[in-house]
Amino acid sequence: MYFVSFVVKNPSPALSIGIDLGTSNCALAVVPAGAPDGAAPPPQSVPITQPEEGGTTLAADLLPSFLYHPRPDERASLGTAPVPGLLARRAASRTPGRVTHAAKSWLCHRLVDRTRPILPWASTEVPEAERVSPVGASAHFLRQVWASAQPFLPATTGSPTSEWSDIPIILTVPASFAPDAQELTLAAAREAGLPNHVRLLEEPQAVFYDWLARHGGPAGLPAWITERARAPEGFHLLVCDLGGGTSDFSLFTARPAAPDDSSGLPRLERIAVGEHLLLGGDNIDAALAHWIAARLGGTPDPRAWPGLVATARDAKEAILARAPDDDTPHTLAVTLPGGALWGSTRSFTLEPADVRALVIDGFFPECAADASPERPAGGLRELGLPFAADSAITRHLAAFLQGRRVDAVLYNGGTLAPLFLRERLTRLLTTWQGHPVVELDNPRPDQAVALGAAWFGAQLRRGTPLIASHAAHAFWIETATSNRPASQPSASEPQASSVPAPSLLCILPHGTPLDQPVRVAPPGLLARVDQPIAFRLYSSARPADERAGELRPAGPDHTALPELTAFLQIPPGAPRAANGVLPVALEATINAVGLLRVRCIPLNPPAGYPEAWDLRFPLRPNLSLNRSLSPFEDHSCSDSAPPNRSRSHTRSLSPAPDSTPQVLAPALAAIEAVFIPAKSAPSPSEPQVSGLKSQVSAEATPRTLFAELERLLEKPRADWSPEILRGLWPALAATITRRQRSPDHEATWLSLAGYCLRPGCGWPLDDTRLNELWRVRELGLAFPRDPRVQTQEWILWRRVAGGLDANRQTTLWRRWENPLRSAEAPPELVRAAATLERLPQDTRRQLLRRLLDRLPRLIKTKSGQLEASLWAVGRLCSRRALSGDPAAVLPPDVLSDLLATFAPLKFGPHTAAACAALAHAFRRTGERTLDASPDVQATALELLTRWQATSAQLERVRDLRPDDDAADWQALAGDRLPPGLIFSAKSR
C-alpha cells in the first residue's frame, strides 16, 4: 500500500476495526462506538477465539498464524477444516508435516501459483485435496479474526455488507508489499467474508498511529519533537518493524503546519518506504536449526527439517525472552525421523550466549553507515521461500537510510522484542547519524499494528487529518525505443557485444497524491492491439526528481515487478488499427485502498473504440525471461539504435526488430495461404496481410510450410525468437478450424502450433494463447485415426504442458489413462503424460511406479518404449518443473525407489538415457525440500560414475552449479527452448 485517504463519513465517535494479518501472529483491535457528542474511546485489543483440543475453544490476545490439518482420527473433535491458532502453533514442533506456516510470506512468492493449494509446503502427510493455497490460508486466519469481531458489529436486518458499509475495517500489510501481494491480500479478505470496503494500511504507519493514540494524537506530541519539527530539517522518525517474515522500514517527518492550517499542529508525512525483504524471525529460526544440526553431527532427513525449525523457534523465543544476564542453559528434545543418527529423540543443550551470538553476528552485525547488502552466490532458501540473500538486517537498514536523517526510532515486531537488540540498533543508528537517536516507547509490540489500525479507522471516519502518505514509490514501464523507419527490417544486422539498459517511462512519480490520476502521452507512444500484450513494470523507492513522462535507462534503483497484462481488443465493426498499433496514453493512479491502477487510453480513437483498457497483474507464476514482449514502440524519444538481444543479459526487455508487423506479415500470409482456400473470404488477418500473399510461394503446402516460413523470415526455425513464435500465433488461431482440409493440414497445424507456443508459459499473456489453443481439445481432431495426426497432438500437449492448468491436465490424463496402462503405449504418449506435472501427486507416483515396473521387460524387448520410459522417468522425478513452479516437483522420497529400481539393471546401449534420467532426478538445487538426502545422493553419484555418465551430469548431481538453460530444457522437454527465453528458478 502506498497511501491512504481521509474521507469524512460521520464526525461522531463510532466503531472502527483494525486487523493485523501477521506472518507469525494475527491481532484484532477495535475503537468501540462512543457517545454521539463524546470523544472517541481509545482503541482496545480484542481476544480472538480459536479452537482447542477436545472440541473446546479459548480466547487469546493473538491468533498464531499457523494452520493444523487434522488427521482422520481427529476430525470428530476438530472438524475437517484446517485449525488455526495456538493448537496449530504447538503442533508445529510435533507434527510439522501437518502444519501450514508463513502464508503471508508465500503471498509474495511470485514463482508459485499463490491461488493453488501448495501448503503445507512439501508435506507428505497432508493429501493434496486437503492442502490450502497461500490465499486460502490467509483467508482461514482472517475468517477466525472476523468471527471475534462480530460481537462489536451492529445487528443487521438485511445484507450485513451494506449495513456495515460505514464501519472502517482496516487490514494491514507491509509497507513494502508489491501491488500483486496487496491484490492477493484483498482476495483473501473477500474469501474470508469481510465486507468489500476493507482498506489496506501500511504496518509501519499503523505502529506510528498507535504511538500517536497513546500520546493524544498530533496535539500531544512531546515538546522536544514539536521544537525539532520547527527546525529547517524537521523531525524525522524511523519505524523499524521486524516481524516473523519481513523487515519493514519507513521514514516519517514532522514539519511546521501549513500557513492555511489554523490548528497549528505539526504536519506529519511518510516520506520513504524500504524495499520488500523476506527477512525476519523465520530466518533466525532456520539459522539456529542449521547450527543445532551441525552440532548433532549431520544433516536431518528433509521430512524432519520443519520439525527441527519449529523446535529451534520455541527454544529461541524462550531464551530471548529472558533477562540478558540469565545464562541458564536451555535443554530441548530433538525428535526426528530418518537414518540412524536422526531416528531417535536426542537431548540437546543450548547456551543462551551462543544463541545471542548467532542472532547478533548473523543478523545484527556492526556495519558502516554507507554499507549495502552483500550478494553471496547462494542465499538461504528454506521451507521453499526465497529469503533475502544477505541476512544482515543492519546492512539492509543502512542501505535504506543512505544519509537520511533520523532523530527517533520506533521499534516493532517480535524479532525486536529482546531489549539488547533494540539497544544495539539504537547505538548503531546514533553512530551513523552523529547525534543521539531516541527510542520511542512501544509497550505492546504484538498489538501495536492492530491498535494503530483501529485508531486510524476512527480518525478516518471523523475526517481528522493525520499522516500525509503519498506514493512511496515511483512506477515505470519499459518501452522499446527506436528511430528505425518502419520499412527497414533489421533481422540481419550484427549484434553488439554489450546490451544497453532498457528504457523506462515514468508513469507515476514519487510523492503523487492520493487518487490523482497521472497521464503520460509522449509523442510516438504506440501500443499493439488485437493481441495479448504485457507491460513490464518497475518501481523505485528513492526519490530521484523524476517527472511523469520522463524516459530514463533502468538502473540499480529500479526493481522489476510483475508485468501488467491486457488484451487491447478492437471491438467488432470498429476500424482496424494501422499496422496493428495504436497511439495511446497511460494513466496511473494510487487509489483509496493503496492499490496501483493503470489504464491504457487510445488517443483520438474512432467511434466504437473503448474509452480505456485496464491493465492487471497476473497472479500465476511465469518462467524467468531475459526480455519481455514489450507492447510499446516509441519512435520519437531516442536517437540510439535499438537494444540488441544478448541472452546473457536478463533485463534486456525490448522487442526484437525481427518481429515487427512488416517482417511478420509475409509469414502470416503464408499460413493463411496454406490453410485457407483462395476463394475463402474474408481474410481473418489484417487487410494489408492479404495483399502480401503474392510473396508466398505458389507451391507452398502443409508439408513445406516450415521451410516456406524459414525462407520468408530469413532464418532457420531454431533461431526464431519468442517474438516471432508468438507473433505467428494469431494466424494459427484464425485457422484453427481449417485443419480439417486433410490429414497433412491437421498434422502440420498441430506441429506448428506446438512449436510456436512451447513451453506454454514464460512469455507475456501465454495464458490467453493457451485458452485459444485449448479449442483443439474442445473441437476434437478432424482425423483422429491418422497416426501422424495423433502423434502430433501428443507432441503438441507435451510442448505446451508447462502452461496448462490442473483442470486441463486432468482432462488430458483421463483421455490417456487407459492407453498408458499398456506396455505397448506409444512413446510420444508416454512422454506427453510425464509432462502433466499439475496432476495430483498420487497420480504421478502411480505413473512413475508403472514405468519403473516395466523397465526390466522393456530392456529385453522394446527399445522405442524403453527410451520413452526412461525419458518419462527422468521428467517425473526431475528436480525442476517445466512450469518453474517448485510445488510441481515430486517429493524426494520417490528418489529412493528410483535408485532401487535402476541399480540392479543393465541398460546396455540405453545406459546414456538411464544416466540422463538419474541426472535430472538427482540434480542438486540447494532446496532442502527438493534434494535427495545426502546418503541417497551419494549412492546415485556412485552409480552414475560406474555407468560413465558425462562430466556435466556428474557435476549436476555433485555440485550446486549454475543453470544451463538451453541444454536442460532440451533434455527435460524434448525441444530446444526458444532463443532468448530462460528456463530458470533464479528469480526465487
# chains A, B, ... in the order shown; residues from 1 in each chain; ligands from 1

call {"tool": "residues_around", "arguments": {"residues": "segment 218-234 of chain A", "least_positions_apart": "2", "cutoff": "10 Å", "atoms": "only C-alpha atoms", "output": "PyMOL selection string"}}
result
chain A and resi 209+211-216+236-237+253-257+263-268+405+407-408+465-467

call {"tool": "write_last_selection", "arguments": {"atoms": "C-alpha atoms", "output": "CSV table (one decimal), in the first residue's frame"}}
result
chain,number,residue,atom,x,y,z
A,209,TYR,CA,-0.7,5.7,14.7
A,211,TRP,CA,2.1,5.7,19.3
A,212,LEU,CA,0.1,8.8,18.4
A,213,ALA,CA,-3.0,7.4,20.0
A,214,ARG,CA,-1.2,6.8,23.3
A,215,HIS,CA,0.1,10.3,23.3
A,216,GLY,CA,-3.1,12.2,22.5
A,236,HIS,CA,12.5,12.5,11.3
A,237,LEU,CA,11.1,9.3,12.8
A,253,THR,CA,8.7,13.6,9.1
A,254,ALA,CA,7.0,16.3,11.3
A,255,ARG,CA,7.2,19.8,9.9
A,256,PRO,CA,5.6,23.1,10.7
A,257,ALA,CA,1.9,23.4,9.9
A,263,SER,CA,-4.7,24.2,14.1
A,264,GLY,CA,-1.0,25.0,14.2
A,265,LEU,CA,-0.3,21.3,14.6
A,266,PRO,CA,2.9,19.8,13.0
A,267,ARG,CA,2.3,18.4,9.6
A,268,LEU,CA,3.1,14.6,9.5
A,405,ARG,CA,18.3,12.0,8.9
A,407,ASP,CA,16.0,11.8,15.2
A,408,ALA,CA,14.0,9.0,16.8
A,465,PRO,CA,-6.0,15.0,9.0
A,466,LEU,CA,-3.2,12.8,10.1
A,467,ILE,CA,-0.2,11.4,8.2

call {"tool": "closest_atom_pairs", "arguments": {"of": "segment 113-144 of chain A", "to": "segment 172-190 of chain A", "cutoff": "12 Å", "atoms": "only C-alpha atoms", "output": "JSON lines"}}
result
{"residue": "A:Asp113", "atom": "CA", "partner": "A:Leu184", "partner_atom": "CA", "distance": 11.2}
{"residue": "A:Arg114", "atom": "CA", "partner": "A:Leu184", "partner_atom": "CA", "distance": 8.2}
{"residue": "A:Thr115", "atom": "CA", "partner": "A:Leu184", "partner_atom": "CA", "distance": 8.5}
{"residue": "A:Val132", "atom": "CA", "partner": "A:Ala188", "partner_atom": "CA", "distance": 12.0}
{"residue": "A:Ser133", "atom": "CA", "partner": "A:Ala188", "partner_atom": "CA", "distance": 10.1}
{"residue": "A:Pro134", "atom": "CA", "partner": "A:Ala188", "partner_atom": "CA", "distance": 8.8}
{"residue": "A:Val135", "atom": "CA", "partner": "A:Ala188", "partner_atom": "CA", "distance": 5.2}
{"residue": "A:Gly136", "atom": "CA", "partner": "A:Ala188", "partner_atom": "CA", "distance": 6.4}
{"residue": "A:Ala137", "atom": "CA", "partner": "A:Ala188", "partner_atom": "CA", "distance": 8.2}
{"residue": "A:Ser138", "atom": "CA", "partner": "A:Ala188", "partner_atom": "CA", "distance": 5.9}
{"residue": "A:Ala139", "atom": "CA", "partner": "A:Ala188", "partner_atom": "CA", "distance": 4.6}
{"residue": "A:His140", "atom": "CA", "partner": "A:Ala188", "partner_atom": "CA", "distance": 8.4}
{"residue": "A:Phe141", "atom": "CA", "partner": "A:Ala188", "partner_atom": "CA", "distance": 9.3}
{"residue": "A:Leu142", "atom": "CA", "partner": "A:Ala189", "partner_atom": "CA", "distance": 6.6}
{"residue": "A:Arg143", "atom": "CA", "partner": "A:Ala189", "partner_atom": "CA", "distance": 8.1}
{"residue": "A:Gln144", "atom": "CA", "partner": "A:Ala189", "partner_atom": "CA", "distance": 11.3}

call {"tool": "residues_around", "arguments": {"residues": "Pro127 of chain A", "least_positions_apart": "3", "cutoff": "10 Å", "atoms": "only C-alpha atoms", "output": "list in words"}}
result
His69, Arg98, Pro120, Ser123, Thr124, Glu130, Arg131, Pro840, Gln841 and Asp842 of chain A

call {"tool": "residues_around", "arguments": {"residues": "Asp441 of chain A", "least_positions_apart": "3", "cutoff": "10 Å", "atoms": "only C-alpha atoms", "output": "ChimeraX atom specification"}}
result
/A:211,214,409-412,438,444-445

call {"tool": "write_last_selection", "arguments": {"atoms": "C-alpha atoms", "output": "PDB file, in the first residue's frame"}}
result
ATOM      1  CA  TRP A 211       2.092   5.714  19.321  1.00  0.00           C
ATOM      2  CA  ARG A 214      -1.190   6.754  23.272  1.00  0.00           C
ATOM      3  CA  VAL A 409      13.181   5.350  16.179  1.00  0.00           C
ATOM      4  CA  LEU A 410      10.081   3.333  16.920  1.00  0.00           C
ATOM      5  CA  TYR A 411      10.612  -0.422  17.018  1.00  0.00           C
ATOM      6  CA  ASN A 412       8.002  -3.090  16.444  1.00  0.00           C
ATOM      7  CA  VAL A 438      15.877   8.474  20.772  1.00  0.00           C
ATOM      8  CA  ARG A 444       2.663  -3.661  23.146  1.00  0.00           C
ATOM      9  CA  PRO A 445       4.657  -4.565  20.023  1.00  0.00           C
TER      10      PRO A 445
END

call {"tool": "select_by_dssp", "arguments": {"residues": "segment 710-753 of chain A", "states": "helix (DSSP H, G or I)", "output": "ChimeraX atom specification"}}
result
/A:710-713,717-719,722-734,738-741,743-753

call {"tool": "residues_around", "arguments": {"residues": "Val894 of chain A", "least_positions_apart": "3", "cutoff": "8 Å", "atoms": "only C-alpha atoms", "output": "number ranges by chain"}}
result
A: 845, 877, 890-891, 897-898

call {"tool": "write_last_selection", "arguments": {"atoms": "C-alpha atoms", "output": "PDB file, in the first residue's frame"}}
result
ATOM      1  CA  ARG A 845       3.509 -41.516  -8.366  1.00  0.00           C
ATOM      2  CA  CYS A 877      11.490 -37.360 -10.939  1.00  0.00           C
ATOM      3  CA  LEU A 890       7.556 -34.706  -6.607  1.00  0.00           C
ATOM      4  CA  PRO A 891       8.989 -35.014  -3.078  1.00  0.00           C
ATOM      5  CA  ASP A 897      12.505 -46.097  -5.246  1.00  0.00           C
ATOM      6  CA  LEU A 898      14.071 -44.857  -8.456  1.00  0.00           C
TER       7      LEU A 898
END

call {"tool": "residues_around", "arguments": {"residues": "Arg769 of chain A", "least_positions_apart": "5", "cutoff": "9 Å", "atoms": "only C-alpha atoms", "output": "MDAnalysis selection string"}}
result
chainID A and resid 532 726 729:730 733 757 760 774

call {"tool": "atom_distance", "arguments": {"atom1": "atom CA of Val207 of chain A", "atom2": "atom CA of Ala389 of chain A"}}
result
27.2 Å

call {"tool": "residues_around", "arguments": {"residues": "Arg738 of chain A", "least_positions_apart": "5", "cutoff": "9 Å", "atoms": "only C-alpha atoms", "output": "PDB file with N, CA and C atoms, in the first residue's frame"}}
result
ATOM      1  N   PHE A 675      -3.671 -22.756 -45.291  1.00  0.00           N
ATOM      2  CA  PHE A 675      -4.826 -23.311 -44.587  1.00  0.00           C
ATOM      3  C   PHE A 675      -6.164 -22.781 -45.094  1.00  0.00           C
ATOM      4  N   ILE A 676      -6.186 -21.625 -45.760  1.00  0.00           N
ATOM      5  CA  ILE A 676      -7.452 -21.052 -46.208  1.00  0.00           C
ATOM      6  C   ILE A 676      -7.489 -21.077 -47.725  1.00  0.00           C
ATOM      7  N   HIS A 745      -2.824 -31.212 -43.464  1.00  0.00           N
ATOM      8  CA  HIS A 745      -3.112 -29.896 -42.895  1.00  0.00           C
ATOM      9  C   HIS A 745      -3.189 -29.977 -41.366  1.00  0.00           C
ATOM     10  N   GLU A 746      -3.876 -30.986 -40.867  1.00  0.00           N
ATOM     11  CA  GLU A 746      -4.040 -31.059 -39.420  1.00  0.00           C
ATOM     12  C   GLU A 746      -2.718 -31.364 -38.723  1.00  0.00           C
ATOM     13  N   TRP A 749      -0.597 -28.196 -38.799  1.00  0.00           N
ATOM     14  CA  TRP A 749      -1.106 -27.160 -37.891  1.00  0.00           C
ATOM     15  C   TRP A 749      -0.737 -27.492 -36.445  1.00  0.00           C
TER      16      TRP A 749
END

call {"tool": "atom_distance", "arguments": {"atom1": "atom CA of Ser148 of chain A", "atom2": "atom CA of Ala60 of chain A"}}
result
10.6 Å

call {"tool": "closest_residue", "arguments": {"among": "A:Arg854, A:Lys860, A:Arg356, A:Arg798", "to": "Arg831 of chain A", "atoms": "only C-alpha atoms"}}
result
A:Arg798

call {"tool": "decode", "arguments": {"residues": "segment 448-464 of chain A", "atoms": "all heavy atoms", "output": "mmCIF file, in the first residue's frame"}}
result
data_model
loop_
_atom_site.group_PDB
_atom_site.id
_atom_site.type_symbol
_atom_site.label_atom_id
_atom_site.label_comp_id
_atom_site.auth_asym_id
_atom_site.auth_seq_id
_atom_site.Cartn_x
_atom_site.Cartn_y
_atom_site.Cartn_z
ATOM 1 N N ALA A 448 0.499 -3.509 18.579
ATOM 2 C CA ALA A 448 0.566 -2.119 18.117
ATOM 3 C C ALA A 448 -0.028 -1.937 16.727
ATOM 4 O O ALA A 448 -0.709 -0.938 16.456
ATOM 5 C CB ALA A 448 2.013 -1.630 18.142
ATOM 6 N N VAL A 449 0.210 -2.881 15.826
ATOM 7 C CA VAL A 449 -0.281 -2.718 14.457
ATOM 8 C C VAL A 449 -1.803 -2.717 14.429
ATOM 9 O O VAL A 449 -2.433 -1.845 13.796
ATOM 10 C CB VAL A 449 0.293 -3.832 13.554
ATOM 11 C CG1 VAL A 449 -0.399 -3.831 12.197
ATOM 12 C CG2 VAL A 449 1.798 -3.648 13.362
ATOM 13 N N ALA A 450 -2.426 -3.674 15.100
ATOM 14 C CA ALA A 450 -3.892 -3.732 15.106
ATOM 15 C C ALA A 450 -4.480 -2.524 15.828
ATOM 16 O O ALA A 450 -5.475 -1.934 15.375
ATOM 17 C CB ALA A 450 -4.356 -5.027 15.769
ATOM 18 N N LEU A 451 -3.889 -2.121 16.966
ATOM 19 C CA LEU A 451 -4.400 -0.962 17.715
ATOM 20 C C LEU A 451 -4.281 0.312 16.885
ATOM 21 O O LEU A 451 -5.219 1.125 16.836
ATOM 22 C CB LEU A 451 -3.624 -0.819 19.023
ATOM 23 C CG LEU A 451 -3.872 -1.911 20.074
ATOM 24 C CD1 LEU A 451 -2.813 -1.847 21.172
ATOM 25 C CD2 LEU A 451 -5.270 -1.785 20.671
ATOM 26 N N GLY A 452 -3.139 0.496 16.237
ATOM 27 C CA GLY A 452 -2.959 1.680 15.406
ATOM 28 C C GLY A 452 -3.910 1.698 14.215
ATOM 29 O O GLY A 452 -4.414 2.755 13.825
ATOM 30 N N ALA A 453 -4.168 0.518 13.631
ATOM 31 C CA ALA A 453 -5.101 0.448 12.510
ATOM 32 C C ALA A 453 -6.509 0.833 12.945
ATOM 33 O O ALA A 453 -7.220 1.562 12.234
ATOM 34 C CB ALA A 453 -5.086 -0.957 11.910
ATOM 35 N N ALA A 454 -6.930 0.344 14.112
ATOM 36 C CA ALA A 454 -8.274 0.682 14.597
ATOM 37 C C ALA A 454 -8.378 2.176 14.878
ATOM 38 O O ALA A 454 -9.390 2.821 14.566
ATOM 39 C CB ALA A 454 -8.587 -0.135 15.848
ATOM 40 N N TRP A 455 -7.351 2.766 15.482
ATOM 41 C CA TRP A 455 -7.380 4.201 15.790
ATOM 42 C C TRP A 455 -7.393 5.019 14.494
ATOM 43 O O TRP A 455 -8.106 6.006 14.379
ATOM 44 C CB TRP A 455 -6.189 4.578 16.650
ATOM 45 C CG TRP A 455 -6.256 5.960 17.211
ATOM 46 C CD1 TRP A 455 -7.026 6.397 18.238
ATOM 47 C CD2 TRP A 455 -5.516 7.098 16.756
ATOM 48 N NE1 TRP A 455 -6.813 7.736 18.465
ATOM 49 C CE2 TRP A 455 -5.888 8.195 17.562
ATOM 50 C CE3 TRP A 455 -4.564 7.301 15.767
ATOM 51 C CZ2 TRP A 455 -5.346 9.461 17.411
ATOM 52 C CZ3 TRP A 455 -4.024 8.561 15.600
ATOM 53 C CH2 TRP A 455 -4.419 9.630 16.415
ATOM 54 N N PHE A 456 -6.600 4.583 13.540
ATOM 55 C CA PHE A 456 -6.611 5.263 12.245
ATOM 56 C C PHE A 456 -8.006 5.229 11.634
ATOM 57 O O PHE A 456 -8.495 6.235 11.097
ATOM 58 C CB PHE A 456 -5.610 4.602 11.300
ATOM 59 C CG PHE A 456 -5.858 4.902 9.849
ATOM 60 C CD1 PHE A 456 -5.550 6.141 9.323
ATOM 61 C CD2 PHE A 456 -6.430 3.949 9.021
ATOM 62 C CE1 PHE A 456 -5.794 6.423 7.983
ATOM 63 C CE2 PHE A 456 -6.680 4.228 7.690
ATOM 64 C CZ PHE A 456 -6.355 5.467 7.172
ATOM 65 N N GLY A 457 -8.684 4.069 11.689
ATOM 66 C CA GLY A 457 -10.020 3.975 11.133
ATOM 67 C C GLY A 457 -10.984 4.940 11.789
ATOM 68 O O GLY A 457 -11.822 5.557 11.115
ATOM 69 N N ALA A 458 -10.867 5.101 13.124
ATOM 70 C CA ALA A 458 -11.754 6.031 13.836
ATOM 71 C C ALA A 458 -11.492 7.466 13.397
ATOM 72 O O ALA A 458 -12.422 8.250 13.184
ATOM 73 C CB ALA A 458 -11.559 5.883 15.341
ATOM 74 N N GLN A 459 -10.220 7.832 13.241
ATOM 75 C CA GLN A 459 -9.892 9.190 12.806
ATOM 76 C C GLN A 459 -10.295 9.398 11.340
ATOM 77 O O GLN A 459 -10.719 10.487 10.942
ATOM 78 C CB GLN A 459 -8.396 9.460 12.978
ATOM 79 C CG GLN A 459 -7.867 9.192 14.377
ATOM 80 C CD GLN A 459 -8.686 9.883 15.446
ATOM 81 O OE1 GLN A 459 -8.956 11.082 15.366
ATOM 82 N NE2 GLN A 459 -9.105 9.128 16.454
ATOM 83 N N LEU A 460 -10.181 8.337 10.557
ATOM 84 C CA LEU A 460 -10.593 8.412 9.158
ATOM 85 C C LEU A 460 -12.072 8.734 9.063
ATOM 86 O O LEU A 460 -12.500 9.578 8.267
ATOM 87 C CB LEU A 460 -10.299 7.073 8.485
ATOM 88 C CG LEU A 460 -10.652 6.912 7.009
ATOM 89 C CD1 LEU A 460 -9.723 7.730 6.146
ATOM 90 C CD2 LEU A 460 -10.593 5.440 6.627
ATOM 91 N N ARG A 461 -12.854 8.110 9.905
ATOM 92 C CA ARG A 461 -14.304 8.347 9.894
ATOM 93 C C ARG A 461 -14.638 9.768 10.331
ATOM 94 O O ARG A 461 -15.587 10.383 9.846
ATOM 95 C CB ARG A 461 -14.965 7.325 10.809
ATOM 96 C CG ARG A 461 -16.487 7.358 10.778
ATOM 97 C CD ARG A 461 -17.039 6.310 11.735
ATOM 98 N NE ARG A 461 -18.498 6.338 11.742
ATOM 99 C CZ ARG A 461 -19.279 5.401 11.257
ATOM 100 N NH1 ARG A 461 -18.740 4.347 10.685
ATOM 101 N NH2 ARG A 461 -20.590 5.502 11.336
ATOM 102 N N ARG A 462 -13.833 10.317 11.253
ATOM 103 C CA ARG A 462 -14.088 11.668 11.757
ATOM 104 C C ARG A 462 -13.499 12.735 10.842
ATOM 105 O O ARG A 462 -13.733 13.933 11.049
ATOM 106 C CB ARG A 462 -13.488 11.817 13.158
ATOM 107 C CG ARG A 462 -14.173 10.955 14.214
ATOM 108 C CD ARG A 462 -13.374 10.920 15.510
ATOM 109 N NE ARG A 462 -13.225 12.237 16.089
ATOM 110 C CZ ARG A 462 -14.109 12.819 16.908
ATOM 111 N NH1 ARG A 462 -15.222 12.165 17.226
ATOM 112 N NH2 ARG A 462 -13.897 14.015 17.407
ATOM 113 N N GLY A 463 -12.709 12.317 9.861
ATOM 114 C CA GLY A 463 -12.110 13.281 8.950
ATOM 115 C C GLY A 463 -10.918 13.996 9.526
ATOM 116 O O GLY A 463 -10.574 15.089 9.078
ATOM 117 N N THR A 464 -10.267 13.398 10.506
ATOM 118 C CA THR A 464 -9.101 14.024 11.136
ATOM 119 C C THR A 464 -7.897 13.949 10.209
ATOM 120 O O THR A 464 -7.525 12.860 9.771
ATOM 121 C CB THR A 464 -8.764 13.316 12.458
ATOM 122 O OG1 THR A 464 -9.914 13.320 13.289
ATOM 123 C CG2 THR A 464 -7.598 13.999 13.156
#
